[in-house]
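Here is the file input_36.txt (compact mmCIF, C-alpha atoms).
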# COMPACT_ATOMS: atom_id res chain seq x y z
CA MET A 620 94.80 21.20 76.36
CA VAL A 621 93.75 18.90 73.49
CA ALA A 622 90.99 21.27 72.43
CA THR A 623 93.40 24.21 72.56
CA GLY A 624 95.94 22.37 70.40
CA THR A 625 93.31 21.47 67.83
CA ALA A 626 92.14 25.06 67.60
CA LEU A 627 95.69 26.33 67.13
CA ALA A 628 96.28 23.77 64.39
CA ALA A 629 93.12 24.85 62.61
CA LEU A 630 94.19 28.49 62.81
CA GLY A 631 97.55 27.59 61.35
CA TRP A 632 95.94 25.93 58.34
CA GLY A 633 93.40 28.72 57.94
CA ALA A 634 96.05 31.42 57.98
CA ALA A 635 97.53 29.95 54.84
CA GLY A 636 94.37 30.32 52.78
CA CYS A 637 94.20 30.35 49.00
CA THR A 638 94.10 32.70 46.04
CA VAL A 639 93.19 32.72 42.36
CA GLN A 640 94.86 31.31 39.30
CA PRO A 641 93.99 31.08 35.58
CA ALA A 642 91.68 28.38 34.25
CA GLY A 643 90.94 26.93 30.84
CA ALA A 644 88.85 28.76 28.32
CA ASP A 645 85.69 26.91 29.26
CA GLY A 646 86.12 25.72 32.83
CA ASP A 647 85.76 21.99 33.17
CA GLY A 648 85.77 21.18 29.48
CA ARG A 649 82.28 19.67 29.42
CA PRO A 650 80.41 19.64 26.07
CA PRO A 651 78.77 22.96 25.12
CA VAL A 652 75.10 23.54 25.67
CA ARG A 653 73.04 23.72 22.49
CA ILE A 654 70.82 26.81 22.48
CA GLU A 655 67.85 26.67 20.11
CA LEU A 656 66.17 29.72 18.61
CA PRO A 657 62.58 30.59 19.57
CA ASP A 658 59.79 28.98 17.58
CA ARG A 659 59.17 32.27 15.82
CA THR A 660 62.48 31.87 13.96
CA PRO A 661 62.31 29.49 10.96
CA PRO A 662 65.26 27.11 10.59
CA ALA A 663 66.29 28.76 7.32
CA ASP A 664 67.03 31.99 9.20
CA ARG A 665 69.78 30.38 11.26
CA PRO A 666 72.67 28.41 9.77
CA SER A 667 74.03 25.50 11.71
CA SER A 668 76.13 26.73 14.63
CA GLY A 669 79.77 25.84 14.89
CA THR A 670 80.51 26.47 11.21
CA GLY A 671 82.09 29.86 11.79
CA SER A 672 85.82 30.34 11.80
CA GLY A 673 85.83 32.14 15.13
CA SER A 674 88.73 34.25 13.86
CA GLY A 675 86.96 37.59 14.03
CA ALA A 676 87.87 40.53 16.19
CA GLY A 677 85.33 43.24 16.84
CA ALA A 678 85.45 46.93 17.53
CA GLY A 679 89.08 47.15 16.50
CA GLY A 680 88.13 46.48 12.89
CA ARG A 681 90.34 43.41 12.38
CA ASP A 682 87.52 40.97 11.77
CA GLU A 683 86.96 39.24 8.44
CA ASP A 684 83.80 37.45 7.37
CA SER A 685 82.61 35.61 4.32
CA GLY A 686 79.72 37.95 3.59
CA ALA A 687 77.10 35.29 4.44
CA GLY A 688 73.68 36.69 5.13
CA ARG A 689 74.13 39.87 3.09
CA ARG A 690 71.09 41.84 1.94
CA PRO A 691 70.83 45.03 -0.08
CA ALA A 692 71.98 48.00 1.99
CA GLY A 693 69.28 49.44 4.22
CA VAL A 694 67.08 46.32 4.17
CA PRO A 695 66.98 44.76 7.67
CA GLY A 696 65.87 41.21 8.35
CA ARG A 697 63.11 40.09 10.67
CA VAL A 698 63.78 41.04 14.30
CA LEU A 699 64.66 38.13 16.57
CA TRP A 700 65.61 39.95 19.79
CA SER A 701 65.51 43.56 20.90
CA PRO A 702 66.05 45.63 24.08
CA GLY A 703 64.00 44.30 26.96
CA ASP A 704 64.10 40.66 25.84
CA SER A 705 65.68 38.05 28.09
CA GLY A 706 66.52 34.36 28.18
CA ARG A 707 69.17 31.88 27.13
CA ASP A 708 69.04 32.94 23.46
CA VAL A 709 70.04 36.44 24.55
CA ARG A 710 72.89 34.88 26.54
CA GLU A 711 74.12 33.18 23.37
CA LEU A 712 73.92 36.47 21.46
CA GLN A 713 75.96 38.17 24.19
CA ALA A 714 78.51 35.35 24.35
CA ARG A 715 79.06 35.53 20.58
CA LEU A 716 79.40 39.33 20.71
CA ARG A 717 82.07 38.82 23.38
CA GLN A 718 83.95 36.44 21.07
CA VAL A 719 84.34 39.19 18.47
CA ALA A 720 85.14 41.86 21.09
CA TRP A 721 82.00 43.95 20.67
CA LEU A 722 80.75 43.24 24.19
CA PHE A 723 82.79 43.01 27.38
CA ASP A 724 80.13 42.60 30.08
CA GLY A 725 78.02 39.57 30.94
CA PRO A 726 76.49 37.52 29.49
CA THR A 727 73.56 38.54 31.64
CA GLY A 728 70.68 37.04 29.67
CA THR A 729 68.99 40.46 29.44
CA TYR A 730 69.07 42.58 26.28
CA ASP A 731 70.32 45.71 28.01
CA GLY A 732 71.95 48.97 26.95
CA PRO A 733 75.47 47.58 26.43
CA THR A 734 74.03 44.76 24.31
CA ARG A 735 72.09 47.19 22.14
CA GLU A 736 75.21 49.32 21.67
CA ALA A 737 77.29 46.26 20.79
CA VAL A 738 74.75 45.08 18.21
CA GLU A 739 74.53 48.57 16.72
CA GLY A 740 78.33 48.75 16.42
CA PHE A 741 78.50 45.29 14.87
CA GLN A 742 75.82 46.25 12.34
CA GLY A 743 77.48 49.52 11.40
CA LYS A 744 80.84 47.81 10.85
CA ARG A 745 79.20 45.55 8.27
CA GLY A 746 77.07 48.13 6.48
CA LEU A 747 73.84 46.87 8.01
CA PRO A 748 71.13 49.20 9.34
CA ARG A 749 72.25 50.38 12.81
CA THR A 750 69.05 49.50 14.65
CA GLY A 751 70.53 47.94 17.79
CA ARG A 752 68.01 45.13 17.34
CA THR A 753 69.15 41.65 16.33
CA ASP A 754 67.45 40.69 13.07
CA THR A 755 67.98 37.57 10.98
CA VAL A 756 70.65 39.17 8.79
CA THR A 757 72.66 40.44 11.77
CA TRP A 758 72.36 37.05 13.44
CA GLN A 759 73.54 35.16 10.35
CA ARG A 760 76.57 37.42 10.03
CA LEU A 761 77.45 36.91 13.70
CA LEU A 762 77.00 33.13 13.44
CA GLY A 763 79.38 33.04 10.50
CA MET A 764 82.15 34.70 12.53
CA THR A 765 81.82 32.86 15.85
CA ARG A 766 81.66 29.39 17.38
CA GLU A 767 79.07 27.72 19.59
CA PRO A 768 79.55 29.09 23.15
CA GLY A 769 80.30 26.58 25.89
CA ARG A 770 78.25 26.38 29.07
CA TRP A 771 80.57 28.55 31.13
CA GLU A 772 80.78 31.16 28.39
CA LEU A 773 77.00 31.48 28.63
CA TYR A 774 77.23 31.80 32.41
CA LEU A 775 80.63 33.48 32.67
CA MET A 776 79.52 35.81 35.46
CA GLY A 777 76.99 33.49 37.14
CA GLY A 778 73.24 33.27 36.80
CA GLN A 779 73.19 29.53 36.11
CA PRO A 780 70.46 27.39 37.71
CA ALA A 781 71.45 25.52 40.85
CA ALA A 782 71.67 21.74 41.00
CA ALA A 783 69.32 19.84 43.28
CA PRO A 784 70.56 19.69 46.88
CA ASP A 785 72.60 16.66 47.89
CA ALA A 786 70.76 14.31 50.28
CA ARG A 787 73.27 15.24 53.01
CA CYS A 788 72.04 18.85 52.84
CA ARG A 789 68.44 18.06 53.77
CA THR A 790 68.76 18.48 57.53
CA GLY A 791 70.28 21.10 59.79
CA ARG A 792 72.19 24.25 58.87
CA VAL A 793 74.21 23.58 55.72
CA LEU A 794 76.36 25.31 53.14
CA CYS A 795 75.43 22.97 50.26
CA ILE A 796 77.98 23.46 47.46
CA SER A 797 77.55 21.86 44.04
CA LYS A 798 80.56 21.52 41.75
CA SER A 799 78.41 20.44 38.80
CA SER A 800 76.32 23.64 38.75
CA ARG A 801 78.93 25.82 40.49
CA THR A 802 76.44 27.06 43.03
CA LEU A 803 76.14 27.37 46.79
CA ARG A 804 72.85 26.93 48.63
CA TRP A 805 72.52 28.14 52.22
CA MET A 806 69.96 25.74 53.65
CA VAL A 807 68.24 25.41 57.01
CA ASP A 808 66.20 22.29 57.72
CA GLY A 809 65.85 21.47 54.04
CA ARG A 810 64.78 24.97 52.96
CA THR A 811 67.02 27.04 50.66
CA LEU A 812 67.44 30.59 51.97
CA THR A 813 70.16 31.84 49.59
CA THR A 814 71.65 30.64 46.30
CA LEU A 815 74.95 32.03 44.96
CA PRO A 816 77.25 31.25 42.02
CA VAL A 817 80.66 30.05 43.23
CA ARG A 818 84.06 29.16 41.79
CA PHE A 819 86.49 26.40 42.79
CA GLY A 820 90.13 25.37 42.62
CA SER A 821 91.81 24.12 39.45
CA ASP A 822 93.02 20.55 38.78
CA PRO A 823 96.39 21.03 40.54
CA THR A 824 94.72 22.52 43.64
CA PRO A 825 91.16 21.18 43.75
CA THR A 826 88.48 22.06 46.25
CA ARG A 827 87.97 19.00 48.46
CA ASP A 828 84.73 17.01 48.21
CA GLY A 829 82.97 15.71 51.28
CA VAL A 830 81.21 16.70 54.48
CA PHE A 831 82.91 19.28 56.72
CA GLU A 832 81.95 21.96 59.20
CA VAL A 833 82.78 25.62 59.60
CA TYR A 834 85.53 25.72 62.22
CA TRP A 835 86.67 29.36 61.98
CA LYS A 836 85.34 32.64 60.59
CA SER A 837 87.56 35.62 59.70
CA ARG A 838 85.86 38.74 58.35
CA ASP A 839 88.96 40.58 57.05
CA HIS A 840 91.23 37.61 56.40
CA VAL A 841 94.41 37.88 54.31
CA SER A 842 96.16 34.72 53.14
CA THR A 843 99.66 34.43 54.60
CA LEU A 844 100.57 31.90 51.90
CA TYR A 845 99.55 34.00 48.87
CA ASP A 846 99.23 37.47 50.47
CA SER A 847 95.77 37.88 48.96
CA PRO A 848 92.59 39.22 50.60
CA MET A 849 89.93 36.66 51.61
CA PRO A 850 87.09 38.77 53.03
CA TYR A 851 84.26 37.03 54.88
CA ALA A 852 86.24 33.78 55.06
CA MET A 853 84.47 30.75 56.53
CA PHE A 854 87.06 27.96 56.86
CA PHE A 855 85.86 24.37 56.57
CA SER A 856 88.85 22.17 55.56
CA GLY A 857 92.43 23.10 56.37
CA GLY A 858 93.16 26.33 54.50
CA GLN A 859 90.07 26.04 52.29
CA ALA A 860 87.27 28.48 52.95
CA VAL A 861 84.18 30.03 51.43
CA HIS A 862 85.04 33.71 50.88
CA PHE A 863 84.51 36.75 48.66
CA SER A 864 86.80 37.02 45.63
CA ALA A 865 87.35 40.33 43.83
CA ASP A 866 88.93 38.38 40.96
CA PHE A 867 85.79 36.26 40.55
CA ALA A 868 83.71 39.44 40.60
CA ALA A 869 85.85 40.91 37.81
CA ARG A 870 86.67 37.89 35.61
CA GLY A 871 84.02 35.31 36.40
CA TYR A 872 84.87 31.73 35.45
CA ALA A 873 87.89 32.87 33.43
CA GLY A 874 89.91 32.13 36.59
CA SER A 875 89.93 29.76 39.54
CA SER A 876 91.06 29.59 43.16
CA HIS A 877 93.78 27.54 44.84
CA GLY A 878 91.10 25.40 46.48
CA CYS A 879 88.79 27.87 48.17
CA VAL A 880 85.14 28.35 47.28
CA ASN A 881 84.95 31.86 45.78
CA VAL A 882 81.82 34.05 45.89
CA ARG A 883 81.56 37.07 43.56
CA ASP A 884 78.67 38.93 45.21
CA GLU A 885 80.21 40.81 48.14
CA ALA A 886 76.95 42.08 49.59
CA ALA A 887 75.42 38.59 49.48
CA ILE A 888 78.35 36.89 51.21
CA ALA A 889 78.44 39.64 53.83
CA ARG A 890 74.84 38.74 54.70
CA LEU A 891 75.64 35.03 54.58
CA TYR A 892 78.65 35.53 56.86
CA GLU A 893 76.38 37.00 59.55
CA GLN A 894 74.06 33.99 59.41
CA VAL A 895 76.56 31.12 59.35
CA ARG A 896 77.90 29.88 62.69
CA ASN A 897 80.94 27.86 63.67
CA GLY A 898 79.88 24.22 63.62
CA ASP A 899 77.48 24.58 60.67
CA LYS A 900 77.80 21.77 58.12
CA VAL A 901 79.49 22.21 54.73
CA VAL A 902 78.76 19.67 51.97
CA VAL A 903 80.84 19.88 48.77
CA HIS A 904 79.45 17.51 46.14
CA TRP A 905 79.08 16.87 42.40
Output the structure of this file as structure tokens.
Amino acid sequence: MVATGTALAALGWGAAGCTVQPAGADGDGRPPVRIELPDRTPPADRPSSGTGSGSGAGAGGRDEDSGAGRRPAGVPGRVLWSPGDSGRDVRELQARLRQVAWLFDGPTGTYDGPTREAVEGFQGKRGLPRTGRTDTVTWQRLLGMTREPGRWELYLMGGQPAAAPDARCRTGRVLCISKSSRTLRWMVDGRTLTTLPVRFGSDPTPTRDGVFEVYWKSRDHVSTLYDSPMPYAMFFSGGQAVHFSADFAARGYAGSSHGCVNVRDEAAIARLYEQVRNGDKVVVHW
């Protein structure tokens, strides 16, 4: 009878669940990451970041800039990045293009088709050669209109490196969840099998830290408290669960949950759901 009562209590908590809510502009408010240009770019080609007004808009034509970095019409600068390039510098380019509303996807860290189109549009708006490649003149103009992106602007939709596993994750079957890197590792006997970006609750409704275990799984769960879908829910602490979030998939770290651990990759969490068992350990740590 005691076991039955405990199970019913757990189901009662789990039925409540959680949903999403807005977050601050840059997540946890930590200092921004400084992104340096490649060695092939001389310091004179790039003004100090953070000097821009950040008041620009993009494709709508409302942006204003000081004219810094102008060259005679039709004379491009030296190319810094072009389609096919990748890395954190490309992430910064994409984050700054988002700030002036020329890019709406990512950042992905890969100079893809939408990035080329955004750069080409930005160049054309300013009378620069519409090459779709980011040269020194284009980059200077963009720097003058934007601010230094924060860490979670660079990784708005995931892709950030995972933190080292907590010591409590080194043995057994563990969902090892880092709040500092916003990642989940699925680990078995110290080996990482899957790594996923995740999102947490806000300050008023934080995700609990500590060591827990999965006590209930619900594939097609709907929160009775917030009437929101929680597919592939794996409950580990009261109404808090690891589950897929369509809002996280759409908005990235521009939002937050009411305490649950959100996953944005539905196919990945569907596979994870099949592997995780009731009784598996959950470690939520910084």
List the neighbours of Gly728 in chain A out to 8 Å using only C-alpha atoms; skip same-chain residues closer than 3 positions along the sequence, and give me the result as an MDAnalysis selection string.
-> chainID A and resid 705:710 713 725
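Interatomic distance, CA of Gln759 in chain A against CA of Gly777 in chain A: 27.1 Å.
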Between A:Leu716, A:Ala868, A:Glu885, A:Ser701, smallest distance to Leu762 in chain A by only C-alpha atoms belongs to A:Leu716
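The nearest approach to Thr750 in chain A among the residues A:Trp700, A:Phe819, A:Phe854, A:Phe863, with only C-alpha atoms taken into account, belongs to A:Trp700.
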Atom-to-atom span, CA of Trp721 in chain A and CA of Asn881 in chain A, Å |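 Taking CA of Trp721 in chain A as the start and CA of Asn881 in chain A as the end point, the length is 28.0 Å.
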Measure the distance from CA of Arg770 in chain A to CA of Ala873 in chain A in Å and round it to one decimal.
->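 Taking CA of Arg770 in chain A and CA of Ala873 in chain A, their separation equals 12.4 Å.
Nearest to Lys798 in chain A of all the residues A:Ala860, A:Ala781, A:Val756, A:Leu747 is A:Ala781, counting all atoms listed in the file.
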Selected residue, from A:Thr734, A:Phe741, A:Phe867, A:Ala887, that lies nearest to Thr814 in chain A when counting all atoms listed in the file =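 Between A:Thr734, A:Phe741, A:Phe867, A:Ala887, the residue approaching Thr814 in chain A most closely is A:Ala887.
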Nearest residue to Val895 in chain A from the set A:Trp771, A:Phe831, A:Tyr851, A:Tyr845 (distances using only C-alpha atoms) = A:Tyr851
Contacts of Asp899 in chain A within 10 Å, only C-alpha atoms, excl. fewer than 3 positions in-chain, as a list in words |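 Counting only C-alpha atoms, the residues come to Gly791, Arg792, Val793, Leu794, Val807, Phe831, Glu832, Val833, Tyr834, Phe855, Val895 and Arg896 of chain A.
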Between A:Gly740, A:Gly746, A:Pro702, A:Gly732, which has the minimum distance to Ala720 in chain A (counting all atoms listed in the file)?
-> A:Gly740
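With only the atoms specified (all atoms listed in the file) counting, those residues at most 7 Å away from (67.3, 43.5, 28.3) are A:Pro702, A:Gly703, A:Asp704, A:Ser705, A:Thr729, A:Tyr730, A:Asp731.
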Kindly output range 733-744 of chain A as a short mmCIF file (atom, residue, chain, number, x, y, z; two decimals), keeping the file's coordinate frame, after building all heavy atoms.
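Output contents, as saved in out.cif:
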data_model
loop_
_atom_site.label_atom_id
_atom_site.label_comp_id
_atom_site.auth_asym_id
_atom_site.auth_seq_id
_atom_site.Cartn_x
_atom_site.Cartn_y
_atom_site.Cartn_z
N PRO A 733 74.21 47.99 27.05
CA PRO A 733 75.47 47.58 26.43
C PRO A 733 75.29 46.59 25.28
O PRO A 733 76.01 46.64 24.29
CB PRO A 733 76.25 46.95 27.59
CG PRO A 733 75.72 47.63 28.80
CD PRO A 733 74.26 47.84 28.52
N THR A 734 74.29 45.70 25.40
CA THR A 734 74.03 44.76 24.31
C THR A 734 73.51 45.48 23.08
O THR A 734 73.94 45.21 21.95
CB THR A 734 73.01 43.69 24.77
OG1 THR A 734 73.49 43.04 25.95
CG2 THR A 734 72.78 42.65 23.68
N ARG A 735 72.60 46.41 23.27
CA ARG A 735 72.09 47.19 22.14
C ARG A 735 73.22 47.96 21.45
O ARG A 735 73.31 47.97 20.20
CB ARG A 735 71.01 48.18 22.62
CG ARG A 735 70.46 49.07 21.50
CD ARG A 735 69.56 50.16 22.06
NE ARG A 735 70.24 50.97 23.06
CZ ARG A 735 71.13 51.92 22.77
NH1 ARG A 735 71.46 52.17 21.50
NH2 ARG A 735 71.69 52.62 23.73
N GLU A 736 74.10 48.57 22.25
CA GLU A 736 75.21 49.32 21.67
C GLU A 736 76.17 48.40 20.92
O GLU A 736 76.69 48.77 19.85
CB GLU A 736 75.95 50.07 22.77
CG GLU A 736 75.13 51.19 23.40
CD GLU A 736 75.82 51.80 24.60
OE1 GLU A 736 76.98 51.43 24.87
OE2 GLU A 736 75.20 52.65 25.28
N ALA A 737 76.40 47.21 21.46
CA ALA A 737 77.29 46.26 20.79
C ALA A 737 76.70 45.80 19.46
O ALA A 737 77.40 45.72 18.44
CB ALA A 737 77.55 45.06 21.70
N VAL A 738 75.40 45.51 19.45
CA VAL A 738 74.75 45.08 18.21
C VAL A 738 74.78 46.22 17.19
O VAL A 738 75.08 46.00 16.00
CB VAL A 738 73.30 44.64 18.48
CG1 VAL A 738 72.53 44.43 17.18
CG2 VAL A 738 73.28 43.36 19.31
N GLU A 739 74.52 47.42 17.62
CA GLU A 739 74.53 48.57 16.72
C GLU A 739 75.92 48.77 16.11
O GLU A 739 76.06 49.02 14.90
CB GLU A 739 74.10 49.82 17.47
CG GLU A 739 73.97 51.05 16.60
CD GLU A 739 73.43 52.25 17.37
OE1 GLU A 739 72.67 52.03 18.33
OE2 GLU A 739 73.79 53.38 17.01
N GLY A 740 76.97 48.63 16.94
CA GLY A 740 78.33 48.75 16.42
C GLY A 740 78.67 47.65 15.43
O GLY A 740 79.29 47.89 14.39
N PHE A 741 78.26 46.43 15.76
CA PHE A 741 78.50 45.29 14.87
C PHE A 741 77.80 45.52 13.53
O PHE A 741 78.37 45.26 12.46
CB PHE A 741 78.00 44.01 15.55
CG PHE A 741 78.17 42.77 14.73
CD1 PHE A 741 79.35 42.05 14.74
CD2 PHE A 741 77.13 42.30 13.93
CE1 PHE A 741 79.51 40.89 13.98
CE2 PHE A 741 77.26 41.15 13.16
CZ PHE A 741 78.47 40.45 13.19
N GLN A 742 76.58 46.00 13.57
CA GLN A 742 75.82 46.25 12.34
C GLN A 742 76.48 47.34 11.50
O GLN A 742 76.65 47.18 10.28
CB GLN A 742 74.39 46.66 12.69
CG GLN A 742 73.54 45.54 13.26
CD GLN A 742 72.23 46.04 13.85
OE1 GLN A 742 72.14 47.16 14.38
NE2 GLN A 742 71.19 45.21 13.78
N GLY A 743 76.87 48.42 12.14
CA GLY A 743 77.48 49.52 11.40
C GLY A 743 78.78 49.12 10.74
O GLY A 743 79.07 49.55 9.61
N LYS A 744 79.57 48.27 11.41
CA LYS A 744 80.84 47.81 10.85
C LYS A 744 80.63 47.04 9.55
O LYS A 744 81.49 47.02 8.67
CB LYS A 744 81.54 46.93 11.89
CG LYS A 744 82.87 46.35 11.45
CD LYS A 744 83.93 47.43 11.40
CE LYS A 744 85.28 46.81 11.08
NZ LYS A 744 86.33 47.85 11.00
#
